[in-house]
$ cat work13.cif   # mmCIF, C-alpha atoms
data_final
loop_
_atom_site.label_atom_id
_atom_site.label_comp_id
_atom_site.auth_asym_id
_atom_site.auth_seq_id
_atom_site.Cartn_x
_atom_site.Cartn_y
_atom_site.Cartn_z
CA MET F 1 10.86 64.64 -47.94
CA GLU F 2 8.15 62.29 -46.70
CA LYS F 3 5.33 64.05 -44.89
CA LYS F 4 5.27 63.47 -41.16
CA SER F 5 2.12 61.97 -39.77
CA SER F 6 0.75 61.29 -36.33
CA VAL F 7 1.31 57.90 -34.77
CA ARG F 8 -2.33 57.07 -35.43
CA ASN F 9 -4.46 58.05 -38.39
CA GLY F 10 -7.73 59.42 -37.04
CA LYS F 11 -9.54 59.00 -40.35
CA ILE F 12 -8.64 55.30 -40.45
CA GLU F 13 -9.57 54.89 -36.78
CA LEU F 14 -13.00 56.33 -37.48
CA LEU F 15 -13.41 54.02 -40.47
CA ARG F 16 -12.45 51.07 -38.26
CA PHE F 17 -15.41 51.89 -36.07
CA VAL F 18 -17.75 52.53 -38.99
CA PHE F 19 -17.00 49.22 -40.69
CA CYS F 20 -17.14 47.38 -37.38
CA ILE F 21 -20.70 48.67 -36.95
CA VAL F 22 -21.46 47.71 -40.55
CA ILE F 23 -20.38 44.14 -39.76
CA LEU F 24 -22.35 44.17 -36.50
CA LEU F 25 -25.55 45.19 -38.31
CA PHE F 26 -24.88 42.68 -41.08
CA HIS F 27 -24.80 39.89 -38.52
CA GLY F 28 -27.97 41.30 -36.97
CA GLN F 29 -29.86 41.03 -40.26
CA LYS F 30 -28.34 37.62 -40.99
CA TYR F 31 -29.12 35.93 -37.68
CA LEU F 32 -32.07 37.89 -36.27
CA ILE F 33 -33.97 39.01 -39.39
CA GLY F 34 -32.81 36.47 -41.95
CA GLU F 35 -30.69 37.27 -44.97
CA THR F 36 -32.38 39.40 -47.58
CA SER F 37 -32.72 37.72 -50.95
CA LEU F 38 -31.11 39.34 -53.96
CA PRO F 39 -33.91 39.91 -56.51
CA LYS F 40 -33.28 41.23 -59.97
CA ASP F 41 -34.49 44.70 -59.02
CA ILE F 42 -32.07 46.88 -57.06
CA ARG F 43 -33.42 48.29 -53.82
CA LEU F 44 -32.36 49.21 -50.31
CA ALA F 45 -31.88 46.39 -47.81
CA PHE F 46 -30.67 46.34 -44.22
CA PHE F 47 -26.90 45.85 -44.54
CA ARG F 48 -27.29 42.94 -46.94
CA HIS F 49 -23.66 43.31 -48.07
CA GLY F 50 -22.21 44.37 -44.71
CA ALA F 51 -19.77 41.45 -44.80
CA ILE F 52 -17.63 43.55 -47.15
CA GLY F 53 -16.44 45.42 -44.05
CA VAL F 54 -14.04 42.55 -43.38
CA GLU F 55 -12.17 43.45 -46.57
CA PHE F 56 -11.41 46.86 -45.06
CA PHE F 57 -9.79 45.23 -42.02
CA PHE F 58 -7.72 42.84 -44.13
CA LEU F 59 -6.41 45.76 -46.19
CA ILE F 60 -5.55 47.70 -43.01
CA SER F 61 -3.74 44.67 -41.58
CA GLY F 62 -1.63 44.33 -44.71
CA TYR F 63 -0.87 48.05 -44.77
CA LEU F 64 0.29 48.15 -41.15
CA MET F 65 2.35 44.99 -41.55
CA ALA F 66 4.16 46.47 -44.54
CA LYS F 67 4.71 49.69 -42.59
CA THR F 68 6.36 47.72 -39.78
CA ILE F 69 8.57 45.86 -42.26
CA TYR F 70 9.61 49.04 -44.06
CA LYS F 71 10.46 50.89 -40.83
CA THR F 72 12.50 47.93 -39.58
CA ARG F 73 14.47 47.73 -42.80
CA VAL F 74 15.16 51.49 -42.81
CA ALA F 75 16.23 51.46 -39.16
CA ASN F 76 18.64 48.59 -39.80
CA GLN F 77 20.19 50.42 -42.74
CA GLU F 78 20.51 53.75 -40.90
CA ASN F 79 22.01 52.20 -37.77
CA GLY F 80 24.37 50.02 -39.74
CA THR F 81 23.19 46.99 -37.81
CA ASN F 82 22.77 43.52 -39.19
CA GLU F 83 19.24 42.60 -40.11
CA GLN F 84 17.53 40.04 -37.96
CA THR F 85 17.32 36.58 -39.39
CA LEU F 86 14.15 36.17 -41.39
CA SER F 87 12.65 33.56 -39.07
CA ARG F 88 13.42 35.62 -35.95
CA SER F 89 11.85 38.75 -37.41
CA THR F 90 8.77 36.86 -38.61
CA LEU F 91 8.22 35.06 -35.32
CA GLY F 92 8.74 38.28 -33.38
CA PHE F 93 6.11 40.07 -35.44
CA LEU F 94 3.61 37.22 -35.15
CA LYS F 95 4.17 36.95 -31.40
CA ARG F 96 3.48 40.65 -30.89
CA LYS F 97 0.40 40.48 -33.11
CA TYR F 98 -0.97 37.38 -31.39
CA LEU F 99 -0.38 38.70 -27.88
CA SER F 100 -1.94 42.06 -28.75
CA ILE F 101 -5.20 40.31 -29.65
CA LEU F 102 -5.15 37.41 -27.17
CA PRO F 103 -6.23 39.23 -23.95
CA GLN F 104 -9.47 40.58 -25.42
CA HIS F 105 -10.01 37.39 -27.38
CA LEU F 106 -9.87 35.30 -24.18
CA ALA F 107 -12.25 37.63 -22.35
CA ALA F 108 -14.74 37.65 -25.23
CA PHE F 109 -14.44 33.91 -25.78
CA VAL F 110 -15.60 33.12 -22.24
CA ILE F 111 -18.59 35.45 -22.56
CA VAL F 112 -19.59 34.24 -26.02
CA PHE F 113 -19.20 30.56 -25.11
CA ALA F 114 -21.46 31.05 -22.07
CA ALA F 115 -24.06 32.79 -24.24
CA TYR F 116 -23.72 30.03 -26.85
CA VAL F 117 -24.46 27.33 -24.25
CA ILE F 118 -27.35 29.27 -22.70
CA GLY F 119 -28.87 30.25 -26.03
CA ARG F 120 -28.80 26.70 -27.39
CA GLY F 121 -29.98 25.05 -24.15
CA PHE F 122 -27.27 22.37 -24.11
CA THR F 123 -27.18 19.62 -21.51
CA LEU F 124 -24.08 19.20 -19.33
CA LYS F 125 -22.79 16.38 -21.56
CA GLU F 126 -23.29 18.49 -24.68
CA TRP F 127 -21.66 21.46 -22.94
CA ILE F 128 -18.52 19.45 -22.17
CA LEU F 129 -18.31 18.08 -25.72
CA LYS F 130 -18.72 21.56 -27.18
CA ALA F 131 -15.99 22.87 -24.85
CA ILE F 132 -13.59 20.20 -26.13
CA ASN F 133 -14.48 20.96 -29.73
CA THR F 134 -13.87 24.71 -29.32
CA VAL F 135 -10.10 24.33 -28.80
CA PRO F 136 -9.17 25.36 -32.40
CA ASN F 137 -11.44 28.41 -32.07
CA LEU F 138 -9.86 29.21 -28.69
CA LEU F 139 -6.35 29.00 -30.16
CA LEU F 140 -7.38 30.98 -33.27
CA ILE F 141 -6.29 28.26 -35.68
CA GLU F 142 -9.69 27.21 -37.04
CA MET F 143 -9.02 28.65 -40.50
CA SER F 144 -6.15 26.20 -40.97
CA GLY F 145 -8.82 23.58 -41.68
CA THR F 146 -8.92 22.20 -38.13
CA SER F 147 -12.38 23.44 -37.31
CA PHE F 148 -14.89 21.64 -35.08
CA THR F 149 -17.16 23.91 -33.04
CA ASN F 150 -16.72 27.67 -33.28
CA PRO F 151 -19.00 29.48 -30.80
CA ASN F 152 -17.31 32.80 -31.59
CA HIS F 153 -17.10 31.97 -35.27
CA ILE F 154 -16.66 35.58 -36.36
CA GLU F 155 -13.09 35.20 -35.15
CA TRP F 156 -12.41 33.37 -38.40
CA TYR F 157 -11.20 36.79 -39.52
CA ILE F 158 -8.46 36.89 -36.87
CA SER F 159 -7.46 33.28 -37.51
CA ALA F 160 -7.24 33.84 -41.26
CA MET F 161 -5.34 37.10 -40.75
CA LEU F 162 -2.70 35.50 -38.50
CA ILE F 163 -2.12 32.53 -40.81
CA ALA F 164 -1.95 34.75 -43.91
CA MET F 165 0.51 37.08 -42.19
CA ALA F 166 2.72 34.14 -41.26
CA ILE F 167 3.01 33.38 -44.98
CA ILE F 168 3.24 36.93 -46.32
CA TYR F 169 5.53 38.56 -43.74
CA PRO F 170 8.78 36.72 -44.58
CA LEU F 171 8.21 37.21 -48.32
CA CYS F 172 7.53 40.91 -47.90
CA TYR F 173 10.47 41.33 -45.51
CA LYS F 174 13.00 39.62 -47.75
CA TYR F 175 11.79 40.95 -51.10
CA TYR F 176 10.07 44.17 -50.03
CA TYR F 177 10.00 46.14 -53.31
CA THR F 178 9.44 43.14 -55.56
CA PHE F 179 6.67 41.86 -53.33
CA THR F 180 4.78 45.09 -52.70
CA ARG F 181 5.07 46.39 -56.25
CA CYS F 182 4.74 43.22 -58.31
CA VAL F 183 4.00 39.96 -56.48
CA ALA F 184 1.33 41.20 -54.08
CA PRO F 185 -0.99 42.93 -56.58
CA LEU F 186 -0.66 40.10 -59.09
CA ALA F 187 -1.27 37.44 -56.42
CA ALA F 188 -4.31 39.37 -55.19
CA LEU F 189 -5.62 39.66 -58.74
CA PHE F 190 -5.35 35.93 -59.41
CA ILE F 191 -6.66 34.79 -56.02
CA VAL F 192 -9.67 37.13 -56.16
CA GLY F 193 -10.23 36.10 -59.77
CA TYR F 194 -10.15 32.44 -58.76
CA LEU F 195 -12.71 33.02 -55.99
CA MET F 196 -14.98 34.96 -58.33
CA TYR F 197 -14.74 32.31 -61.04
CA GLU F 198 -15.48 29.44 -58.67
CA THR F 199 -18.23 31.05 -56.57
CA ASN F 200 -19.25 34.25 -58.42
CA TYR F 201 -18.88 36.33 -55.25
CA LEU F 202 -16.13 37.43 -52.87
CA SER F 203 -17.66 36.98 -49.42
CA GLY F 204 -17.96 33.63 -47.71
CA VAL F 205 -15.88 31.97 -45.04
CA SER F 206 -16.18 28.22 -44.66
CA VAL F 207 -16.56 27.32 -48.33
CA TRP F 208 -13.83 24.75 -49.00
CA MET F 209 -11.92 25.65 -52.15
CA GLY F 210 -10.17 22.30 -52.55
CA PHE F 211 -7.09 23.17 -50.50
CA ALA F 212 -8.14 25.99 -48.15
CA TYR F 213 -11.15 27.81 -46.76
CA LYS F 214 -12.43 30.71 -48.82
CA GLY F 215 -12.03 33.02 -45.84
CA PHE F 216 -8.32 32.27 -45.67
CA LEU F 217 -7.84 32.95 -49.39
CA ARG F 218 -9.63 36.28 -48.97
CA ALA F 219 -7.21 37.14 -46.18
CA LEU F 220 -4.19 36.08 -48.22
CA ALA F 221 -5.18 38.17 -51.24
CA GLU F 222 -6.31 41.27 -49.37
CA ILE F 223 -3.50 41.43 -46.81
CA ALA F 224 -1.07 41.17 -49.73
CA LEU F 225 -2.99 43.97 -51.44
CA GLY F 226 -2.69 46.00 -48.23
CA THR F 227 1.11 45.88 -48.52
CA THR F 228 0.78 47.39 -51.99
CA ALA F 229 -1.46 50.11 -50.54
CA PHE F 230 1.32 51.00 -48.11
CA GLU F 231 3.95 51.22 -50.84
CA ILE F 232 1.73 53.41 -53.02
CA ALA F 233 0.78 55.63 -50.07
CA ARG F 234 4.44 55.92 -49.05
CA CYS F 235 5.43 57.06 -52.53
CA MET F 236 2.48 59.47 -52.77
CA SER F 237 3.35 61.04 -49.42
CA LYS F 238 6.70 62.22 -50.88
CA ILE F 239 5.00 64.24 -53.63
CA ASN F 240 3.91 67.83 -53.13
CA PHE F 241 0.59 67.71 -54.97
CA SER F 242 -1.19 70.89 -56.05
CA ARG F 243 -4.34 72.04 -54.29
CA ALA F 244 -6.49 70.98 -57.25
CA LYS F 245 -5.07 67.46 -57.20
CA ARG F 246 -5.53 67.17 -53.44
CA ILE F 247 -9.15 68.22 -53.83
CA ALA F 248 -9.57 65.61 -56.57
CA PHE F 249 -8.02 62.94 -54.35
CA THR F 250 -10.34 63.94 -51.52
CA VAL F 251 -13.39 63.65 -53.77
CA VAL F 252 -12.26 60.20 -54.93
CA GLU F 253 -11.70 59.08 -51.35
CA LEU F 254 -15.16 60.22 -50.26
CA ALA F 255 -16.76 58.68 -53.35
CA CYS F 256 -15.11 55.32 -52.67
CA ILE F 257 -16.19 55.20 -49.02
CA SER F 258 -19.70 56.43 -49.81
CA GLY F 259 -20.02 53.95 -52.66
CA VAL F 260 -19.03 51.02 -50.45
CA LEU F 261 -21.42 52.06 -47.68
CA LEU F 262 -24.23 52.44 -50.21
CA PHE F 263 -23.45 49.02 -51.63
CA CYS F 264 -23.75 47.56 -48.11
CA VAL F 265 -27.40 48.60 -47.87
CA THR F 266 -28.60 47.55 -51.32
CA THR F 267 -29.53 44.34 -53.10
CA PHE F 268 -26.90 44.69 -55.81
CA PRO F 269 -25.67 41.24 -56.97
CA SER F 270 -22.87 39.82 -54.83
CA ARG F 271 -20.48 39.73 -57.78
CA TYR F 272 -20.06 43.49 -57.35
CA GLU F 273 -18.28 42.88 -54.06
CA VAL F 274 -15.08 42.89 -56.09
CA TYR F 275 -15.80 46.51 -57.07
CA ALA F 276 -16.25 47.34 -53.40
CA LEU F 277 -12.85 45.79 -52.66
CA ILE F 278 -11.22 47.99 -55.30
CA ALA F 279 -12.94 51.06 -53.87
CA LEU F 280 -11.74 50.19 -50.38
CA PHE F 281 -8.19 49.70 -51.66
CA VAL F 282 -8.23 53.17 -53.23
CA ALA F 283 -9.78 54.77 -50.13
CA VAL F 284 -7.33 53.15 -47.72
CA THR F 285 -4.35 54.16 -49.87
CA LEU F 286 -5.52 57.77 -50.09
CA ALA F 287 -6.48 58.03 -46.41
CA PHE F 288 -3.06 56.81 -45.28
CA SER F 289 -1.08 58.80 -47.85
CA GLY F 290 -1.93 62.16 -46.30
CA VAL F 291 -2.66 63.76 -49.68
CA THR F 292 -6.38 64.29 -49.04
CA TYR F 293 -7.99 67.03 -47.00
CA GLY F 294 -9.73 66.63 -43.64
CA ASN F 295 -7.14 64.56 -41.78
CA GLY F 296 -6.84 67.16 -39.03
CA LEU F 297 -10.55 66.85 -38.24
CA PHE F 298 -10.16 63.22 -37.23
CA ASN F 299 -6.83 63.23 -35.39
CA ASN F 300 -8.36 63.52 -31.94
CA LYS F 301 -8.90 61.39 -28.86
CA PHE F 302 -12.53 60.65 -29.71
CA CYS F 303 -11.73 59.09 -33.09
CA TYR F 304 -8.83 57.19 -31.53
CA PHE F 305 -11.22 55.89 -28.86
CA LEU F 306 -13.69 54.75 -31.51
CA GLY F 307 -10.90 52.95 -33.34
CA ARG F 308 -9.80 51.15 -30.18
CA SER F 309 -13.40 50.15 -29.49
CA SER F 310 -13.76 48.31 -32.79
CA LEU F 311 -11.97 45.14 -31.65
CA PRO F 312 -13.96 44.51 -28.41
CA ILE F 313 -17.20 45.37 -30.24
CA TYR F 314 -16.34 42.91 -32.98
CA LEU F 315 -15.37 40.16 -30.54
CA ALA F 316 -18.43 40.53 -28.30
CA GLN F 317 -21.21 40.79 -30.88
CA LEU F 318 -22.25 37.13 -31.08
CA ALA F 319 -23.10 36.81 -27.37
CA PRO F 320 -26.20 39.05 -27.63
CA ILE F 321 -27.22 37.40 -30.89
CA TYR F 322 -27.29 34.04 -29.06
CA VAL F 323 -29.30 35.19 -26.04
CA VAL F 324 -31.57 38.00 -27.28
CA PRO F 325 -34.01 35.62 -29.08
CA VAL F 326 -34.25 33.65 -25.81
CA MET F 327 -34.63 36.72 -23.61
CA PHE F 328 -37.06 38.58 -25.92
CA PRO F 329 -38.86 35.88 -27.94
CA ASP F 330 -41.93 38.05 -28.63
CA SER F 331 -39.98 41.08 -29.83
CA SER F 332 -39.84 42.01 -33.49
CA PRO F 333 -36.58 41.44 -35.41
CA ALA F 334 -35.94 45.19 -35.44
CA GLU F 335 -36.31 45.33 -31.66
CA GLN F 336 -34.05 42.31 -31.24
CA ILE F 337 -31.35 43.99 -33.34
CA LEU F 338 -31.65 47.10 -31.16
CA TYR F 339 -31.35 45.05 -27.95
CA ALA F 340 -28.44 43.05 -29.35
CA SER F 341 -26.61 46.24 -30.39
CA ILE F 342 -27.02 47.83 -26.96
CA MET F 343 -25.83 44.65 -25.25
CA THR F 344 -22.86 44.44 -27.62
CA PHE F 345 -21.68 47.93 -26.67
CA ALA F 346 -22.04 47.09 -22.97
CA LEU F 347 -20.16 43.81 -23.34
CA ALA F 348 -17.46 45.55 -25.36
CA PHE F 349 -16.57 47.62 -22.29
CA VAL F 350 -16.39 44.41 -20.25
CA VAL F 351 -14.18 42.75 -22.84
CA ALA F 352 -11.90 45.78 -23.06
CA GLY F 353 -11.58 46.03 -19.27
CA ALA F 354 -11.01 42.31 -18.78
CA GLY F 355 -8.55 42.35 -21.66
CA ARG F 356 -6.47 45.02 -19.92
CA LEU F 357 -6.33 42.91 -16.75
CA ILE F 358 -5.29 39.82 -18.72
CA ALA F 359 -2.65 41.86 -20.56
CA LYS F 360 -1.20 43.00 -17.23
CA GLY F 361 -1.07 39.36 -16.19
CA PHE F 362 0.87 38.55 -19.36
CA VAL F 363 3.37 41.29 -18.50
CA ARG F 364 3.89 39.85 -15.01
CA LEU F 365 4.45 36.43 -16.55
CA GLY F 366 6.98 37.90 -18.98
CA LEU F 367 4.90 37.06 -22.05
CA LYS F 368 4.77 40.66 -23.29
#

$ encode --input "work13.cif" --output "structure tokens"
Amino acid sequence: MEKKSSVRNGKIELLRFVFCIVILLFHGQKYLIGETSLPKDIRLAFFRHGAIGVEFFFLISGYLMAKTIYKTRVANQENGTNEQTLSRSTLGFLKRKYLSILPQHLAAFVIVFAAYVIGRGFTLKEWILKAINTVPNLLLIEMSGTSFTNPNHIEWYISAMLIAMAIIYPLCYKYYYTFTRCVAPLAALFIVGYLMYETNYLSGVSVWMGFAYKGFLRALAEIALGTTAFEIARCMSKINFSRAKRIAFTVVELACISGVLLFCVTTFPSRYEVYALIALFVAVTLAFSGVTYGNGLFNNKFCYFLGRSSLPIYLAQLAPIYVVPVMFPDSSPAEQILYASIMTFALAFVVAGAGRLIAKGFVRLGLK
């Protein structure tokens, strides 16, 4: 019998927060300090490879999407009801996903756009032109290739995720076992291999790969890989492993997370990002499977709160980066990162609160 688990996985929620902070500090070093070069010698560096945190979120997105698909299929079989048409099921999933993100996205977009205009000192004419050019970013479709001006450009992750899900969901829904067990891992292998061969590293967003942005291809490969993580975790959760094996799994899980975090703060060559992706895949699979120890420590309201905070923190982080250099021009880069981080946490509460109000408005309008 499959082990029962709580609605939310506290360990994963904590990791959401951790990798969100990793990404926040990566952007701090990139835009406020300046990216650290990668010399031949290996040494510590301030979150030089923090961009790898995005891979964690792509894997989680794929995992949760596959979980939704699997539960829907099982419910249809148990109830003896006809399955929804493929297009109806896909559109329903995408609508729920889009509307779950949209309220906080809209709140953050207004704040970040204002900071973008203030930080760059645009004239009224330039402000209007930039506003017109931000429409793809506002609609979260910039990773389709229609990309003009992206004031909150870190939302490329959400845009790429939504587009990749629109492609993967119907395939996974219709051919669940074939896709999760065969197609997804092989597709991920070849896409990641293609990116590594062409660019020699995994990270990167707006590099045009001839037919799509690199960021979108990362999303496609890693969300597909996330569906495989769900299938493996689901099968593992049915097995009653011995204490020794559970301890071994726990050690592997900790080693993978620790290894990725260590990689984030070193000057290892970027080609090793692919190793970090593999480690994250293993860690996510084990954390969700329930076969490792320590899950009870994290299934609490505090970890759940941290997990919920990751989205508004992520969405709000560019606003301080735009204005802190203007507000504190004589401060050191380290001080500017500190100020930007504090402002990001404060704005995250604003984004979360405004997002709740917008969500209530959607409910009144019948959109949710």

$ residues_around --input "work13.cif" --residues "Gly193 in chain F" --least-positions-apart "5" --cutoff "12 Å" --atoms "only C-alpha atoms" --output "VMD selection string"
chain F and resid 185 to 188 198 to 202 217 to 218 221 271 273 to 274

$ closest_residue --input "work13.cif" --among "F:Val323, F:Val282, F:Leu24, F:Leu138" --to "Leu106 in chain F" --atoms "all atoms listed in the file"
F:Leu138

$ residues_near_point --input "work13.cif" --point "(-17.0, 55.4, -44.8)" --cutoff "8 Å" --atoms "all atoms listed in the file" --output "list in words"
Leu15, Val18, Phe19, Leu254, Ile257, Ser258, Val260 and Leu261 of chain F

$ resolve_selection --input "work13.cif" --expression "the PyMOL selection byres ((chain F and resi 339) around 12)" --output "ChimeraX atom specification"
/F:25,28,32,317,319-329,331-338,340-346

$ closest_residue --input "work13.cif" --among "F:Ser289, F:Asn133, F:Thr178, F:Thr267" --to "Leu44 in chain F" --atoms "all atoms listed in the file"
F:Thr267

$ atom_distance --input "work13.cif" --atom1 "CA of Leu357 in chain F" --atom2 "CA of Ser100 in chain F"
12.8 Å

$ residues_around --input "work13.cif" --residues "Asn152 in chain F" --least-positions-apart "3" --cutoff "10 Å" --atoms "all atoms listed in the file" --output "ChimeraX atom specification"
/F:105,108-113,115-116,134,137-138,149,155-156,315-319

$ resolve_selection --input "work13.cif" --expression "the PyMOL selection byres ((chain F and resi 263) around 10)" --output "list in words"
Leu44, Ala45, Phe47, Arg48, His49, Gly50, Ile52, Ile257, Ser258, Gly259, Val260, Leu261, Leu262, Cys264, Val265, Thr266, Thr267, Phe268, Pro269, Ser270, Tyr272, Glu273, Tyr275 and Ala276 of chain F

$ atom_distance --input "work13.cif" --atom1 "CA of Leu195 in chain F" --atom2 "CA of Val284 in chain F"
22.4 Å

$ resolve_selection --input "work13.cif" --expression "the PyMOL selection byres ((chain F and resi 58) around 9)" --output "mmCIF file with C-alpha atoms, in the frame of the given file"
data_model
loop_
_atom_site.group_PDB
_atom_site.id
_atom_site.type_symbol
_atom_site.label_atom_id
_atom_site.label_comp_id
_atom_site.auth_asym_id
_atom_site.auth_seq_id
_atom_site.Cartn_x
_atom_site.Cartn_y
_atom_site.Cartn_z
ATOM 1 C CA VAL F 54 -14.040 42.550 -43.380
ATOM 2 C CA GLU F 55 -12.170 43.450 -46.570
ATOM 3 C CA PHE F 56 -11.410 46.860 -45.060
ATOM 4 C CA PHE F 57 -9.790 45.230 -42.020
ATOM 5 C CA LEU F 59 -6.410 45.760 -46.190
ATOM 6 C CA ILE F 60 -5.550 47.700 -43.010
ATOM 7 C CA SER F 61 -3.740 44.670 -41.580
ATOM 8 C CA GLY F 62 -1.630 44.330 -44.710
ATOM 9 C CA TYR F 63 -0.870 48.050 -44.770
ATOM 10 C CA TYR F 157 -11.200 36.790 -39.520
ATOM 11 C CA MET F 161 -5.340 37.100 -40.750
ATOM 12 C CA ARG F 218 -9.630 36.280 -48.970
ATOM 13 C CA ALA F 219 -7.210 37.140 -46.180
ATOM 14 C CA LEU F 220 -4.190 36.080 -48.220
ATOM 15 C CA ALA F 221 -5.180 38.170 -51.240
ATOM 16 C CA GLU F 222 -6.310 41.270 -49.370
ATOM 17 C CA ILE F 223 -3.500 41.430 -46.810
ATOM 18 C CA ALA F 224 -1.070 41.170 -49.730
ATOM 19 C CA LEU F 225 -2.990 43.970 -51.440
ATOM 20 C CA GLY F 226 -2.690 46.000 -48.230
#

$ atom_distance --input "work13.cif" --atom1 "CA of Pro312 in chain F" --atom2 "CA of Gly296 in chain F"
26.0 Å

$ residues_around --input "work13.cif" --residues "Thr146 in chain F" --least-positions-apart "4" --cutoff "9 Å" --atoms "all atoms listed in the file" --output "PDB file with C-alpha atoms, in the coordinates of the input"
ATOM      1  CA  PRO F 136      -9.170  25.360 -32.400  1.00  0.00           C
ATOM      2  CA  ILE F 141      -6.290  28.260 -35.680  1.00  0.00           C
ATOM      3  CA  GLU F 142      -9.690  27.210 -37.040  1.00  0.00           C
TER       4      GLU F 142
END

$ closest_residue --input "work13.cif" --among "F:Ala283, F:Ile101, F:Ala212, F:Cys256" --to "Met143 in chain F" --atoms "all atoms listed in the file"
F:Ala212

$ closest_residue --input "work13.cif" --among "F:Lys97, F:Arg243, F:Arg8, F:Lys30" --to "Tyr169 in chain F" --atoms "only C-alpha atoms"
F:Lys97

$ residues_near_point --input "work13.cif" --point "(-14.0, 31.5, -47.8)" --cutoff "6 Å" --atoms "all atoms listed in the file" --output "PyMOL selection string"
chain F and resi 204-207+213-215

$ closest_residue --input "work13.cif" --among "F:Leu189, F:Leu129, F:Ile232, F:Val22" --to "Tyr314 in chain F" --atoms "only C-alpha atoms"
F:Val22

$ closest_residue --input "work13.cif" --among "F:Phe216, F:Phe179, F:Phe249, F:Phe190" --to "Thr292 in chain F" --atoms "only C-alpha atoms"
F:Phe249

$ residues_around --input "work13.cif" --residues "Tyr98 in chain F" --least-positions-apart "5" --cutoff "10 Å" --atoms "only C-alpha atoms" --output "ChimeraX atom specification"
/F:92-93,103,105,140,158-159,162

$ build_atoms --input "work13.cif" --residues "range 219-235 of chain F" --atoms "N, CA and C atoms" --output "PDB file, in the coordinates of the input"
ATOM      1  N   ALA F 219      -8.218  36.492 -47.023  1.00  0.00           N
ATOM      2  CA  ALA F 219      -7.210  37.140 -46.180  1.00  0.00           C
ATOM      3  C   ALA F 219      -5.873  37.214 -46.895  1.00  0.00           C
ATOM      4  N   LEU F 220      -5.481  36.134 -47.534  1.00  0.00           N
ATOM      5  CA  LEU F 220      -4.190  36.080 -48.220  1.00  0.00           C
ATOM      6  C   LEU F 220      -4.117  37.132 -49.320  1.00  0.00           C
ATOM      7  N   ALA F 221      -5.168  37.216 -50.123  1.00  0.00           N
ATOM      8  CA  ALA F 221      -5.180  38.170 -51.240  1.00  0.00           C
ATOM      9  C   ALA F 221      -5.222  39.608 -50.743  1.00  0.00           C
ATOM     10  N   GLU F 222      -6.068  39.879 -49.762  1.00  0.00           N
ATOM     11  CA  GLU F 222      -6.310  41.270 -49.370  1.00  0.00           C
ATOM     12  C   GLU F 222      -5.241  41.818 -48.441  1.00  0.00           C
ATOM     13  N   ILE F 223      -4.630  40.969 -47.624  1.00  0.00           N
ATOM     14  CA  ILE F 223      -3.500  41.430 -46.810  1.00  0.00           C
ATOM     15  C   ILE F 223      -2.316  41.726 -47.729  1.00  0.00           C
ATOM     16  N   ALA F 224      -2.116  40.886 -48.739  1.00  0.00           N
ATOM     17  CA  ALA F 224      -1.070  41.170 -49.730  1.00  0.00           C
ATOM     18  C   ALA F 224      -1.354  42.493 -50.430  1.00  0.00           C
ATOM     19  N   LEU F 225      -2.610  42.728 -50.780  1.00  0.00           N
ATOM     20  CA  LEU F 225      -2.990  43.970 -51.440  1.00  0.00           C
ATOM     21  C   LEU F 225      -2.765  45.165 -50.510  1.00  0.00           C
ATOM     22  N   GLY F 226      -2.941  44.940 -49.207  1.00  0.00           N
ATOM     23  CA  GLY F 226      -2.690  46.000 -48.230  1.00  0.00           C
ATOM     24  C   GLY F 226      -1.236  46.431 -48.210  1.00  0.00           C
ATOM     25  N   THR F 227      -0.308  45.495 -48.464  1.00  0.00           N
ATOM     26  CA  THR F 227       1.110  45.880 -48.520  1.00  0.00           C
ATOM     27  C   THR F 227       1.369  46.777 -49.725  1.00  0.00           C
ATOM     28  N   THR F 228       0.669  46.524 -50.817  1.00  0.00           N
ATOM     29  CA  THR F 228       0.780  47.390 -51.990  1.00  0.00           C
ATOM     30  C   THR F 228       0.211  48.773 -51.690  1.00  0.00           C
ATOM     31  N   ALA F 229      -0.884  48.817 -50.933  1.00  0.00           N
ATOM     32  CA  ALA F 229      -1.460  50.110 -50.540  1.00  0.00           C
ATOM     33  C   ALA F 229      -0.443  50.927 -49.756  1.00  0.00           C
ATOM     34  N   PHE F 230       0.303  50.269 -48.873  1.00  0.00           N
ATOM     35  CA  PHE F 230       1.320  51.000 -48.110  1.00  0.00           C
ATOM     36  C   PHE F 230       2.391  51.566 -49.030  1.00  0.00           C
ATOM     37  N   GLU F 231       2.875  50.765 -49.963  1.00  0.00           N
ATOM     38  CA  GLU F 231       3.950  51.220 -50.840  1.00  0.00           C
ATOM     39  C   GLU F 231       3.485  52.392 -51.716  1.00  0.00           C
ATOM     40  N   ILE F 232       2.260  52.310 -52.215  1.00  0.00           N
ATOM     41  CA  ILE F 232       1.730  53.410 -53.020  1.00  0.00           C
ATOM     42  C   ILE F 232       1.560  54.664 -52.161  1.00  0.00           C
ATOM     43  N   ALA F 233       0.991  54.494 -50.970  1.00  0.00           N
ATOM     44  CA  ALA F 233       0.780  55.630 -50.070  1.00  0.00           C
ATOM     45  C   ALA F 233       2.120  56.253 -49.663  1.00  0.00           C
ATOM     46  N   ARG F 234       3.113  55.422 -49.428  1.00  0.00           N
ATOM     47  CA  ARG F 234       4.440  55.920 -49.050  1.00  0.00           C
ATOM     48  C   ARG F 234       5.035  56.768 -50.174  1.00  0.00           C
ATOM     49  N   CYS F 235       4.908  56.294 -51.390  1.00  0.00           N
ATOM     50  CA  CYS F 235       5.430  57.060 -52.530  1.00  0.00           C
ATOM     51  C   CYS F 235       4.634  58.348 -52.754  1.00  0.00           C
TER      52      CYS F 235
END
